[in-house]
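run.pdb (PDB, C-alpha atoms and all ligand atoms) appears below.
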MODEL        1
ATOM      1  CA  MET A 282     153.482  96.272 186.540
ATOM      2  CA  PRO A 283     156.141  98.115 184.535
ATOM      3  CA  LYS A 284     158.962  96.194 182.878
ATOM      4  CA  GLU A 285     162.412  96.553 184.425
ATOM      5  CA  ILE A 286     165.131  97.217 181.876
ATOM      6  CA  GLU A 287     168.846  98.066 181.775
ATOM      7  CA  VAL A 288     170.056 100.788 179.425
ATOM      8  CA  LYS A 289     173.469 101.835 178.071
ATOM      9  CA  SER A 290     173.141 105.578 178.652
ATOM     10  CA  VAL A 291     170.768 107.848 180.581
ATOM     11  CA  LEU A 292     172.203 111.311 180.215
ATOM     12  CA  ASN A 293     171.647 112.745 176.755
ATOM     13  CA  LYS A 294     173.467 115.853 175.605
ATOM     14  CA  THR A 295     171.151 118.035 173.514
ATOM     15  CA  LYS A 296     172.450 119.196 170.138
ATOM     16  CA  LYS A 297     171.449 122.766 170.859
ATOM     17  CA  ARG A 298     169.957 124.285 173.992
ATOM     18  CA  ASP A 299     166.280 125.070 173.481
ATOM     19  CA  SER A 300     165.672 128.738 174.297
ATOM     20  CA  TRP A 301     162.466 127.850 176.169
ATOM     21  CA  PHE A 302     163.470 124.847 178.225
ATOM     22  CA  LEU A 303     167.180 125.689 178.523
ATOM     23  CA  ASP A 304     168.136 122.034 178.247
ATOM     24  CA  ASP A 305     171.819 121.141 177.929
ATOM     25  CA  TYR A 306     171.097 117.553 178.951
ATOM     26  CA  THR A 307     168.001 115.390 179.325
ATOM     27  CA  PHE A 308     167.436 112.507 181.728
ATOM     28  CA  ASN A 309     164.508 110.073 181.463
ATOM     29  CA  PRO A 310     164.333 107.550 184.325
ATOM     30  CA  TYR A 311     161.379 105.776 182.720
ATOM     31  CA  SER A 312     160.653 104.745 179.165
ATOM     32  CA  SER A 313     157.099 105.529 177.928
ATOM     33  CA  CYS A 314     154.678 107.349 180.265
ATOM     34  CA  SER A 315     151.706 106.215 182.336
ATOM     35  CA  PHE A 316     150.125 109.683 182.162
ATOM     36  CA  ASN A 317     149.038 108.530 178.729
ATOM     37  CA  CYS A 318     148.265 111.918 177.141
ATOM     38  CA  LEU A 319     146.559 111.424 173.796
ATOM     39  CA  TYR A 320     148.464 114.310 172.187
ATOM     40  CA  CYS A 321     151.900 113.187 173.428
ATOM     41  CA  TYR A 322     154.711 113.540 170.904
ATOM     42  CA  ILE A 323     156.330 110.222 171.919
ATOM     43  CA  ARG A 324     153.250 108.407 170.602
ATOM     44  CA  GLY A 325     153.549 105.980 167.718
ATOM     45  CA  SER A 326     153.866 102.258 167.109
ATOM     46  CA  LYS A 327     156.895 101.920 169.444
ATOM     47  CA  TYR A 328     154.803 102.290 172.607
ATOM     48  CA  GLY A 329     151.329 101.149 171.496
ATOM     49  CA  ILE A 330     147.907 102.669 172.211
ATOM     50  CA  ASN A 331     148.159 102.603 176.001
ATOM     51  CA  LEU A 332     151.460 104.162 177.076
ATOM     52  CA  GLU A 333     151.017 102.785 180.586
ATOM     53  CA  GLN A 334     151.248  99.221 179.293
ATOM     54  CA  SER A 335     154.617  99.907 177.639
ATOM     55  CA  LEU A 336     156.098 101.645 180.678
ATOM     56  CA  SER A 337     159.614 100.501 181.623
ATOM     57  CA  VAL A 338     161.801 101.346 184.591
ATOM     58  CA  LYS A 339     165.512 101.883 183.887
ATOM     59  CA  THR A 340     166.894  99.984 186.858
ATOM     60  CA  ASN A 341     170.545 100.927 186.257
ATOM     61  CA  ALA A 342     169.727 104.621 185.641
ATOM     62  CA  ILE A 343     171.228 105.978 188.859
ATOM     63  CA  GLU A 344     174.536 104.152 188.605
ATOM     64  CA  LEU A 345     174.911 105.286 184.974
ATOM     65  CA  LEU A 346     173.922 108.864 185.770
ATOM     66  CA  ASP A 347     176.530 108.985 188.527
ATOM     67  CA  LYS A 348     179.254 107.868 186.108
ATOM     68  CA  GLN A 349     178.168 110.140 183.302
ATOM     69  CA  LEU A 350     177.860 113.226 185.531
ATOM     70  CA  SER A 351     181.170 112.526 187.188
ATOM     71  CA  ASN A 352     182.853 112.600 183.749
ATOM     72  CA  LYS A 353     181.048 115.782 182.721
ATOM     73  CA  ALA A 354     181.924 117.515 186.017
ATOM     74  CA  LYS A 355     185.625 116.612 185.636
ATOM     75  CA  LYS A 356     185.606 118.335 182.238
ATOM     76  CA  ASN A 357     183.693 121.300 183.682
ATOM     77  CA  GLN A 358     180.824 120.611 181.277
ATOM     78  CA  TYR A 359     178.099 121.910 183.537
ATOM     79  CA  GLY A 360     174.663 122.428 182.023
ATOM     80  CA  ILE A 361     170.972 122.269 182.860
ATOM     81  CA  ILE A 362     169.522 118.764 183.044
ATOM     82  CA  VAL A 363     165.869 118.553 182.017
ATOM     83  CA  LEU A 364     163.796 115.918 183.833
ATOM     84  CA  SER A 365     162.174 114.786 181.732
ATOM     85  CA  SER A 366     161.898 115.131 177.980
ATOM     86  CA  ALA A 367     160.155 111.866 177.013
ATOM     87  CA  THR A 368     158.316 110.822 180.179
ATOM     88  CA  ASP A 369     157.188 112.494 183.403
ATOM     89  CA  PRO A 370     159.720 112.309 186.278
ATOM     90  CA  TYR A 371     156.882 111.930 188.814
ATOM     91  CA  LEU A 372     154.827 109.059 187.423
ATOM     92  CA  GLN A 373     152.818 106.854 189.808
ATOM     93  CA  VAL A 374     155.671 104.278 189.840
ATOM     94  CA  GLU A 375     158.092 106.913 191.123
ATOM     95  CA  LYS A 376     156.543 106.376 194.572
ATOM     96  CA  LYS A 377     157.896 102.846 194.527
ATOM     97  CA  TYR A 378     161.108 103.099 192.473
ATOM     98  CA  GLN A 379     162.208 106.611 193.546
ATOM     99  CA  LEU A 380     164.461 106.916 190.521
ATOM    100  CA  THR A 381     163.859 110.650 190.179
ATOM    101  CA  GLN A 382     164.549 111.222 193.856
ATOM    102  CA  ARG A 383     167.763 109.211 193.694
ATOM    103  CA  ALA A 384     168.751 110.940 190.466
ATOM    104  CA  LEU A 385     168.346 114.318 192.198
ATOM    105  CA  GLU A 386     170.677 113.133 194.978
ATOM    106  CA  VAL A 387     173.305 112.260 192.357
ATOM    107  CA  ILE A 388     172.722 115.544 190.526
ATOM    108  CA  LEU A 389     173.214 117.417 193.800
ATOM    109  CA  LYS A 390     176.410 115.477 194.502
ATOM    110  CA  HIS A 391     177.854 116.601 191.148
ATOM    111  CA  ARG A 392     176.345 120.101 191.452
ATOM    112  CA  PHE A 393     174.421 120.198 188.172
ATOM    113  CA  PRO A 394     171.411 122.521 187.707
ATOM    114  CA  VAL A 395     167.982 121.065 186.826
ATOM    115  CA  HIS A 396     164.771 121.993 185.098
ATOM    116  CA  ILE A 397     161.898 119.769 186.225
ATOM    117  CA  ILE A 398     158.890 119.573 183.902
ATOM    118  CA  THR A 399     155.951 117.690 185.383
ATOM    119  CA  LYS A 400     152.209 117.178 185.528
ATOM    120  CA  SER A 401     152.350 115.723 189.045
ATOM    121  CA  ASP A 402     152.166 116.967 192.620
ATOM    122  CA  LEU A 403     154.555 114.219 193.737
ATOM    123  CA  ILE A 404     157.331 116.770 193.177
ATOM    124  CA  GLU A 405     156.471 118.218 196.605
ATOM    125  CA  ARG A 406     158.171 115.170 198.148
ATOM    126  CA  ASP A 407     161.514 116.385 196.739
ATOM    127  CA  PHE A 408     161.329 120.072 197.668
ATOM    128  CA  ASP A 409     164.212 119.780 200.163
ATOM    129  CA  LEU A 410     166.540 118.196 197.612
ATOM    130  CA  LEU A 411     165.508 120.699 194.959
ATOM    131  CA  LYS A 412     166.284 123.548 197.364
ATOM    132  CA  GLU A 413     169.783 122.201 197.920
ATOM    133  CA  ILE A 414     170.328 121.911 194.167
ATOM    134  CA  ASN A 415     168.990 125.441 193.808
ATOM    135  CA  GLU A 416     171.721 126.725 196.102
ATOM    136  CA  GLN A 417     174.634 124.516 195.174
ATOM    137  CA  ALA A 418     174.450 123.931 191.409
ATOM    138  CA  ILE A 419     177.125 125.305 189.128
ATOM    139  CA  LEU A 420     175.518 127.069 186.171
ATOM    140  CA  PRO A 421     176.971 127.151 182.673
ATOM    141  CA  GLU A 422     178.686 130.532 182.252
ATOM    142  CA  ASP A 423     176.204 131.910 179.735
ATOM    143  CA  LEU A 424     173.309 131.219 182.133
ATOM    144  CA  ASN A 425     174.833 132.837 185.189
ATOM    145  CA  THR A 426     172.046 135.463 185.239
ATOM    146  CA  LEU A 427     169.678 132.701 186.348
ATOM    147  CA  ASP A 428     171.455 132.810 189.684
ATOM    148  CA  ARG A 429     169.859 129.559 190.891
ATOM    149  CA  GLY A 430     170.088 125.895 190.093
ATOM    150  CA  THR A 431     166.471 124.732 190.053
ATOM    151  CA  ILE A 432     163.698 125.636 187.610
ATOM    152  CA  ILE A 433     160.278 123.986 187.939
ATOM    153  CA  SER A 434     157.623 123.999 185.201
ATOM    154  CA  PHE A 435     154.159 122.515 185.571
ATOM    155  CA  SER A 436     152.610 121.389 182.326
ATOM    156  CA  PHE A 437     148.950 122.120 181.450
ATOM    157  CA  SER A 438     146.881 121.656 178.310
ATOM    158  CA  THR A 439     143.749 122.692 180.225
ATOM    159  CA  LEU A 440     142.817 123.862 183.705
ATOM    160  CA  LEU A 441     139.599 121.856 183.722
ATOM    161  CA  ASP A 442     139.534 118.394 185.305
ATOM    162  CA  GLU A 443     136.811 117.132 182.969
ATOM    163  CA  VAL A 444     138.907 118.038 179.914
ATOM    164  CA  GLY A 445     142.097 116.644 181.466
ATOM    165  CA  LYS A 446     140.326 113.335 182.068
ATOM    166  CA  ILE A 447     139.721 112.961 178.342
ATOM    167  CA  PHE A 448     143.079 114.071 176.938
ATOM    168  CA  GLU A 449     145.507 113.226 179.800
ATOM    169  CA  PRO A 450     143.742 110.247 181.389
ATOM    170  CA  GLY A 451     146.618 109.051 183.604
ATOM    171  CA  ALA A 452     147.920 112.411 184.794
ATOM    172  CA  THR A 453     147.342 114.202 188.086
ATOM    173  CA  LYS A 454     144.130 116.250 187.845
ATOM    174  CA  PRO A 455     144.689 119.872 186.725
ATOM    175  CA  THR A 456     143.150 121.225 189.961
ATOM    176  CA  GLN A 457     145.556 119.114 192.043
ATOM    177  CA  ARG A 458     148.408 120.226 189.776
ATOM    178  CA  LEU A 459     147.407 123.875 190.293
ATOM    179  CA  ALA A 460     147.597 123.421 194.054
ATOM    180  CA  ALA A 461     151.118 121.982 193.661
ATOM    181  CA  LEU A 462     152.073 124.869 191.379
ATOM    182  CA  GLU A 463     150.979 127.371 194.008
ATOM    183  CA  LYS A 464     152.937 125.564 196.735
ATOM    184  CA  THR A 465     156.023 125.505 194.510
ATOM    185  CA  VAL A 466     155.818 129.269 193.899
ATOM    186  CA  ASN A 467     155.330 129.847 197.618
ATOM    187  CA  GLU A 468     158.441 127.791 198.396
ATOM    188  CA  GLY A 469     160.390 130.415 196.440
ATOM    189  CA  PHE A 470     161.462 128.307 193.446
ATOM    190  CA  LEU A 471     161.791 129.784 189.967
ATOM    191  CA  THR A 472     158.441 128.381 188.836
ATOM    192  CA  GLY A 473     156.392 128.592 185.689
ATOM    193  CA  VAL A 474     153.959 126.915 183.390
ATOM    194  CA  SER A 475     154.443 125.007 180.190
ATOM    195  CA  LEU A 476     151.017 125.792 178.701
ATOM    196  CA  MET A 477     151.048 123.226 175.971
ATOM    197  CA  PRO A 478     149.569 121.978 173.885
ATOM    198  CA  LEU A 479     146.583 124.295 173.861
ATOM    199  CA  LEU A 480     143.615 122.460 172.364
ATOM    200  CA  PRO A 481     141.814 124.428 169.628
ATOM    201  CA  TYR A 482     138.230 125.402 170.552
ATOM    202  CA  ILE A 483     138.675 123.673 173.935
ATOM    203  CA  SER A 484     141.470 125.348 175.870
ATOM    204  CA  ASP A 485     142.482 128.108 173.410
ATOM    205  CA  THR A 486     139.209 130.073 173.713
ATOM    206  CA  THR A 487     139.340 133.624 175.058
ATOM    207  CA  GLU A 488     137.434 132.518 178.138
ATOM    208  CA  GLN A 489     139.793 129.626 178.908
ATOM    209  CA  LEU A 490     142.936 131.650 178.194
ATOM    210  CA  ASP A 491     141.782 134.461 180.453
ATOM    211  CA  LEU A 492     140.987 131.945 183.166
ATOM    212  CA  ALA A 493     144.452 130.397 182.798
ATOM    213  CA  PHE A 494     146.414 133.648 182.733
ATOM    214  CA  GLN A 495     144.381 135.168 185.578
ATOM    215  CA  THR A 496     144.987 132.044 187.676
ATOM    216  CA  PHE A 497     148.730 132.038 186.957
ATOM    217  CA  SER A 498     148.969 135.774 187.550
ATOM    218  CA  ASP A 499     147.190 135.454 190.923
ATOM    219  CA  MET A 500     149.683 132.762 191.894
ATOM    220  CA  GLN A 501     152.572 134.977 190.756
ATOM    221  CA  VAL A 502     154.218 132.376 188.555
ATOM    222  CA  ASN A 503     157.461 133.569 186.980
ATOM    223  CA  TYR A 504     156.729 132.659 183.345
ATOM    224  CA  VAL A 505     154.210 130.965 181.044
ATOM    225  CA  LEU A 506     155.383 129.137 177.909
ATOM    226  CA  PRO A 507     152.393 128.630 175.587
ATOM    227  CA  ALA A 508     152.379 126.473 172.446
ATOM    228  CA  THR A 509     149.981 125.088 169.868
ATOM    229  CA  ILE A 510     149.228 121.431 169.285
ATOM    230  CA  THR A 511     151.073 119.100 166.895
ATOM    231  CA  LEU A 512     149.428 115.841 165.878
ATOM    232  CA  PHE A 513     150.872 112.967 163.856
ATOM    233  CA  GLY A 514     149.684 109.874 162.064
ATOM    234  CA  ASN A 515     146.606 107.848 161.298
ATOM    235  CA  GLY A 516     147.731 104.592 162.932
ATOM    236  CA  ASP A 517     145.826 103.421 166.030
ATOM    237  CA  ALA A 518     148.666 104.430 168.370
ATOM    238  CA  ASN A 519     149.306 107.838 166.772
ATOM    239  CA  SER A 520     148.422 111.118 168.465
ATOM    240  CA  LYS A 521     146.285 112.427 165.610
ATOM    241  CA  LYS A 522     144.161 109.288 165.474
ATOM    242  CA  LEU A 523     143.735 109.182 169.276
ATOM    243  CA  VAL A 524     142.777 112.844 169.570
ATOM    244  CA  MET A 525     140.321 112.521 166.668
ATOM    245  CA  ASN A 526     138.748 109.469 168.338
ATOM    246  CA  ALA A 527     138.339 111.447 171.560
ATOM    247  CA  LEU A 528     136.769 114.354 169.682
ATOM    248  CA  GLU A 529     134.301 112.023 167.965
ATOM    249  CA  LYS A 530     133.229 110.748 171.365
ATOM    250  CA  HIS A 531     133.256 113.932 173.431
ATOM    251  CA  TYR A 532     133.251 116.871 170.992
ATOM    252  CA  PRO A 533     131.677 115.621 167.706
ATOM    253  CA  GLU A 534     131.026 119.209 166.601
ATOM    254  CA  LEU A 535     134.808 119.805 166.468
ATOM    255  CA  VAL A 536     135.781 116.833 164.307
ATOM    256  CA  GLU A 537     135.429 118.627 160.975
ATOM    257  CA  LYS A 538     137.299 121.672 162.249
ATOM    258  CA  TYR A 539     140.272 119.575 163.425
ATOM    259  CA  GLU A 540     140.249 117.590 160.177
ATOM    260  CA  LYS A 541     140.646 120.851 158.280
ATOM    261  CA  PHE A 542     143.450 122.017 160.583
ATOM    262  CA  PHE A 543     145.452 118.853 160.026
ATOM    263  CA  GLN A 544     144.582 118.037 156.424
ATOM    264  CA  HIS A 545     148.010 119.111 155.120
ATOM    265  CA  GLY A 546     150.345 118.225 157.965
ATOM    266  CA  SER A 547     151.033 117.822 161.649
ATOM    267  CA  GLN A 548     151.167 121.520 162.581
ATOM    268  CA  MET A 549     148.334 123.990 162.999
ATOM    269  CA  PRO A 550     147.911 126.188 159.877
ATOM    270  CA  TYR A 551     150.105 129.257 159.458
ATOM    271  CA  TYR A 552     147.247 131.748 159.968
ATOM    272  CA  TYR A 553     146.403 130.095 163.317
ATOM    273  CA  GLN A 554     150.034 130.099 164.440
ATOM    274  CA  THR A 555     150.396 133.802 163.607
ATOM    275  CA  ALA A 556     147.203 134.740 165.463
ATOM    276  CA  PHE A 557     148.222 132.491 168.381
ATOM    277  CA  LYS A 558     151.622 134.141 168.734
ATOM    278  CA  LYS A 559     150.042 137.617 168.739
ATOM    279  CA  LYS A 560     147.398 136.587 171.271
ATOM    280  CA  MET A 561     149.999 135.058 173.612
ATOM    281  CA  GLU A 562     152.139 138.187 173.463
ATOM    282  CA  GLU A 563     149.089 140.283 174.355
ATOM    283  CA  LEU A 564     148.195 137.996 177.270
ATOM    284  CA  SER A 565     151.767 138.074 178.516
ATOM    285  CA  LEU A 566     151.656 141.897 178.563
ATOM    286  CA  THR A 567     148.120 142.159 179.983
ATOM    287  CA  TYR A 568     148.808 139.780 182.841
ATOM    288  CA  LYS A 569     152.455 140.837 183.219
ATOM    289  CA  ILE A 570     153.779 137.287 182.992
ATOM    290  CA  PRO A 571     156.993 136.821 180.964
ATOM    291  CA  ASN A 572     156.736 134.327 178.088
ATOM    292  CA  ALA A 573     160.302 133.042 178.498
ATOM    293  CA  ILE A 574     162.320 131.929 181.527
ATOM    294  CA  LEU A 575     165.227 134.187 180.660
ATOM    295  CA  LYS A 576     162.924 137.199 180.244
ATOM    296  CA  TYR A 577     161.908 136.722 183.857
ATOM    297  CA  THR A 578     165.458 136.443 185.136
ATOM    298  CA  SER A 579     166.731 139.442 183.175
ATOM    299  CA  SER A 580     163.869 141.745 184.235
TER     300      SER A 580
HETATM  301  S1  LIG A 601     153.057 113.591 180.658
HETATM  302 FE1  LIG A 601     154.304 114.276 178.942
HETATM  303  S2  LIG A 601     155.518 112.494 178.344
HETATM  304 FE2  LIG A 601     153.810 111.765 179.621
HETATM  305  S3  LIG A 601     152.204 111.174 178.183
HETATM  306 FE3  LIG A 601     151.831 113.288 178.826
HETATM  307  S4  LIG A 601     152.839 114.576 177.281
HETATM  308 FE4  LIG A 601     153.658 112.487 177.097
ENDMDL
END

Could you write out this structure as structure tokens?
Ligand code: SF4
Amino acid sequence: MPKEIEVKSVLNKTKKRDSWFLDDYTFNPYSSCSFNCLYCYIRGSKYGINLEQSLSVKTNAIELLDKQLSNKAKKNQYGIIVLSSATDPYLQVEKKYQLTQRALEVILKHRFPVHIITKSDLIERDFDLLKEINEQAILPEDLNTLDRGTIISFSFSTLLDEVGKIFEPGATKPTQRLAALEKTVNEGFLTGVSLMPLLPYISDTTEQLDLAFQTFSDMQVNYVLPATITLFGNGDANSKKLVMNALEKHYPELVEKYEKFFQHGSQMPYYYQTAFKKKMEELSLTYKIPNAILKYTSS
């Protein structure tokens, strides 16, 4: 069972809007994340090895969000709210607590736009609310070209269920997620893919990338945002340690390669990043899928 906690604030203003996710605000109804991805950037000693065991539900989140959005709306400080930046808005417990659903009702009431980023098909439950937000949200002036108030991104590090089971053990299976992605596109939402982090030698191979881009192109997604992997720390609860443990068990032939990649830091080496960027630009052109949300809306 998750812990129930009360917090002082739930709506965070971002210092600078990220050009990929277009976040002016972030809202996290839960603390920690039962999807438990080994590569997750929130990992570290704060949440322990199993993120599901440290999951907390912010029981006063809706009341606080209502107050905070009411103040922002009075000052005309409209902006895109990202759900979520440090958890998934559609965790298993969302079925019981419905914090995301209730948050969307409050967001609709105050007419803020949203960008939902998820690995779950539970989002389908909220399609009606998301459609209303899509029509009624007030966009910040510099994002008026978006011309709609709802953006939905599904997150993938792989399209293969057997790989997902290893690296994202608590998340909805990639095949189930793909079905939800297709439904979301067919409902007419501005829909895309956050293709990150791509796992070297596992999901960044030519074969896997072609499979991914062909699949997304067939579904007519509006954008794909690809990124490399970042891994931190050698402590038991750190992403680097957990991913290395998984490689030792499931991909022992890759251990040395990953050790070399991360011997000097948390990012993939410069030569890899340069080749990755070039490859992603080529794939974006070949499959005619924009690699930024705003590129889609301005085309
Ligand atoms: S779904 Fe996102 S927030 Fe949750 S564990 Fe995975 S990467 Fe982290």

Residues selected by the PyMOL selection byres (((chain A and resi 450) around 12) and not hetatm), written as a PDB file with C-alpha atoms, in the frame of the given file:
ATOM      1  CA  CYS A 314     154.678 107.349 180.265  1.00  0.00           C
ATOM      2  CA  SER A 315     151.706 106.215 182.336  1.00  0.00           C
ATOM      3  CA  PHE A 316     150.125 109.683 182.162  1.00  0.00           C
ATOM      4  CA  ASN A 317     149.038 108.530 178.729  1.00  0.00           C
ATOM      5  CA  CYS A 318     148.265 111.918 177.141  1.00  0.00           C
ATOM      6  CA  LEU A 319     146.559 111.424 173.796  1.00  0.00           C
ATOM      7  CA  TYR A 320     148.464 114.310 172.187  1.00  0.00           C
ATOM      8  CA  CYS A 321     151.900 113.187 173.428  1.00  0.00           C
ATOM      9  CA  ASN A 331     148.159 102.603 176.001  1.00  0.00           C
ATOM     10  CA  LEU A 332     151.460 104.162 177.076  1.00  0.00           C
ATOM     11  CA  GLU A 333     151.017 102.785 180.586  1.00  0.00           C
ATOM     12  CA  LYS A 400     152.209 117.178 185.528  1.00  0.00           C
ATOM     13  CA  ASP A 442     139.534 118.394 185.305  1.00  0.00           C
ATOM     14  CA  GLU A 443     136.811 117.132 182.969  1.00  0.00           C
ATOM     15  CA  VAL A 444     138.907 118.038 179.914  1.00  0.00           C
ATOM     16  CA  GLY A 445     142.097 116.644 181.466  1.00  0.00           C
ATOM     17  CA  LYS A 446     140.326 113.335 182.068  1.00  0.00           C
ATOM     18  CA  ILE A 447     139.721 112.961 178.342  1.00  0.00           C
ATOM     19  CA  PHE A 448     143.079 114.071 176.938  1.00  0.00           C
ATOM     20  CA  GLU A 449     145.507 113.226 179.800  1.00  0.00           C
ATOM     21  CA  GLY A 451     146.618 109.051 183.604  1.00  0.00           C
ATOM     22  CA  ALA A 452     147.920 112.411 184.794  1.00  0.00           C
ATOM     23  CA  THR A 453     147.342 114.202 188.086  1.00  0.00           C
ATOM     24  CA  LYS A 454     144.130 116.250 187.845  1.00  0.00           C
ATOM     25  CA  PRO A 455     144.689 119.872 186.725  1.00  0.00           C
ATOM     26  CA  ALA A 527     138.339 111.447 171.560  1.00  0.00           C
TER      27      ALA A 527
END

**Asked** So how far away is CA of Ala508 in chain A from CA of Leu575 in chain A, in Å?
**Response** 17.1 Å

How big is the axis-aligned box around all listed atoms of ligand LIG 601 (chain A) once 8 Å goes on each side, and where's its centre, in Å to one decimal, as AutoDock Vina command-line options?
--center_x 153.7 --center_y 112.9 --center_z 178.9 --size_x 19.7 --size_y 19.4 --size_z 19.6

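Residues in contact with Met549 in chain A at up to 7 Å, not including ones fewer than 6 positions away on its chain and judged by all atoms listed in the file, are Ile510, Thr511, Phe542 and Phe543 of chain A.
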
Selection file, C-alpha atoms, as a PDB file, in the frame of the given file:
ATOM      1  CA  ILE A 510     149.228 121.431 169.285  1.00  0.00           C
ATOM      2  CA  THR A 511     151.073 119.100 166.895  1.00  0.00           C
ATOM      3  CA  PHE A 542     143.450 122.017 160.583  1.00  0.00           C
ATOM      4  CA  PHE A 543     145.452 118.853 160.026  1.00  0.00           C
TER       5      PHE A 543
END

**Asked** What would the list of residues within 12 Å of (161.9, 119.6, 198.1) (file frame) look like as an MDAnalysis selection string, if all atoms listed in the file are what count?
**Response** chainID A and resid 382 385:386 397 402:415 431 433 461 464:465 468:470

Residues of range 384-462 of chain A within 10 Å of range 291-310 of chain A: nearest atom pair and distance (Å, one decimal) for each, counting all atoms listed in the file, sorted by chain and number, as a tab-separated table?
residue	atom	partner	partner_atom	distance
A:Ala384	CA	A:Pro310	CA	8.3
A:Pro394	CA	A:Asp305	CA	9.9
A:Val395	CA	A:Asp304	CA	8.6
A:His396	CA	A:Phe302	CA	7.6
A:Ile397	CA	A:Phe302	CA	9.6
A:Ile398	CA	A:Phe302	CA	9.0
A:Pro421	CA	A:Asp305	CA	9.2
A:Leu424	CA	A:Leu303	CA	9.0
A:Ile432	CA	A:Phe302	CA	9.4
A:Ser434	CA	A:Phe302	CA	9.1

**Request:** For the structure provided, state which residues fall under the PyMOL selection byres (((chain A and resi 340-353) around 10) and not hetatm), and present them as a ChimeraX atom specification.
**Result:** /A:284-293,308-311,337-339,354-360,378,380-388,390-393

**Item:** Straight-line distance linking atom FE3 of ligand LIG 601 (chain A) with CA of Leu476 in chain A, stated in Å to one decimal
**Value:**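 These atoms are spaced 12.5 Å apart.
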
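Counting from CA of Lys541 in chain A, the distance to CA of Pro481 in chain A is 12.0 Å.
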
**Request:** Using only C-alpha atoms and all ligand atoms, find the one residue out of A:Asp491, A:Ser520, A:Pro507, A:Thr486 that sits nearest to ligand LIG 601 (chain A).
**Result:**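 Smallest distance to ligand LIG 601 (chain A) is found for A:Ser520.
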
**Item:** Neighbour residues at most 12 Å from (160.1, 134.2, 178.6) (only C-alpha atoms) as a VMD selection string
**Value:** chain A and resid 300 to 303 472 to 475 502 to 507 561 to 562 565 to 566 569 to 580

Those residues you just picked out, can you put them in a file as a tab-separated table (two decimals), in the frame of the given file with C-alpha atoms?
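File part_15.tsv, as written:
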chain	number	residue	atom	x	y	z
A	300	SER	CA	165.67	128.74	174.30
A	301	TRP	CA	162.47	127.85	176.17
A	302	PHE	CA	163.47	124.85	178.22
A	303	LEU	CA	167.18	125.69	178.52
A	472	THR	CA	158.44	128.38	188.84
A	473	GLY	CA	156.39	128.59	185.69
A	474	VAL	CA	153.96	126.92	183.39
A	475	SER	CA	154.44	125.01	180.19
A	502	VAL	CA	154.22	132.38	188.56
A	503	ASN	CA	157.46	133.57	186.98
A	504	TYR	CA	156.73	132.66	183.34
A	505	VAL	CA	154.21	130.96	181.04
A	506	LEU	CA	155.38	129.14	177.91
A	507	PRO	CA	152.39	128.63	175.59
A	561	MET	CA	150.00	135.06	173.61
A	562	GLU	CA	152.14	138.19	173.46
A	565	SER	CA	151.77	138.07	178.52
A	566	LEU	CA	151.66	141.90	178.56
A	569	LYS	CA	152.46	140.84	183.22
A	570	ILE	CA	153.78	137.29	182.99
A	571	PRO	CA	156.99	136.82	180.96
A	572	ASN	CA	156.74	134.33	178.09
A	573	ALA	CA	160.30	133.04	178.50
A	574	ILE	CA	162.32	131.93	181.53
A	575	LEU	CA	165.23	134.19	180.66
A	576	LYS	CA	162.92	137.20	180.24
A	577	TYR	CA	161.91	136.72	183.86
A	578	THR	CA	165.46	136.44	185.14
A	579	SER	CA	166.73	139.44	183.18
A	580	SER	CA	163.87	141.74	184.24

**Message:** Could you check the closest approach to ligand LIG 601 (chain A) for each of A:Gly516, A:Ile361, A:Lys327, A:Ser436 and tell me which residue wins, using all atoms listed in the file?
**Reply:**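 For ligand LIG 601 (chain A), the nearest of the candidates is A:Ser436.
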
**Asked** Taking into account only C-alpha atoms, which residue in the set A:Asp369, A:Glu534, A:Ala460, A:Asp517 is nearest to Phe497 in chain A?
**Response**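 So, comparing all the options, the nearest one is A:Ala460.
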
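Taken over the shown file, the PyMOL selection byres (((chain A and resi 323) around 8) and not hetatm) identifies Ser313, Cys321, Tyr322, Arg324, Gly325 and Ala367 of chain A.
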
**Request:** Go through A:Thr509, A:Gln373, A:Thr456, A:Thr496 one by one, measure the shortest atom-to-atom distance of each to Ala556 in chain A using all atoms listed in the file, and give the residue with the smallest value.
**Result:**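 Looking at the shortest contact to Ala556 in chain A, the residue is A:Thr509.
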
**Request:** Fewer than 5 positions away in the same chain doesn't count, so skip those; otherwise give me all residues within 6 Å of Ala518 in chain A, counting all atoms listed in the file, as number ranges by chain.
**Result:** A: 325-326, 329-330

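Minimum distance to ligand LIG 601 (chain A) across A:Pro478, A:Val374, A:Lys530, A:Thr555 (counting all atoms listed in the file) occurs at A:Pro478.
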
**Complete:** If you count all atoms listed in the file, the residue of A:Leu512, A:Leu427, A:Leu459, A:Leu441 closest to ligand LIG 601 (chain A) turns out to be A:Leu512
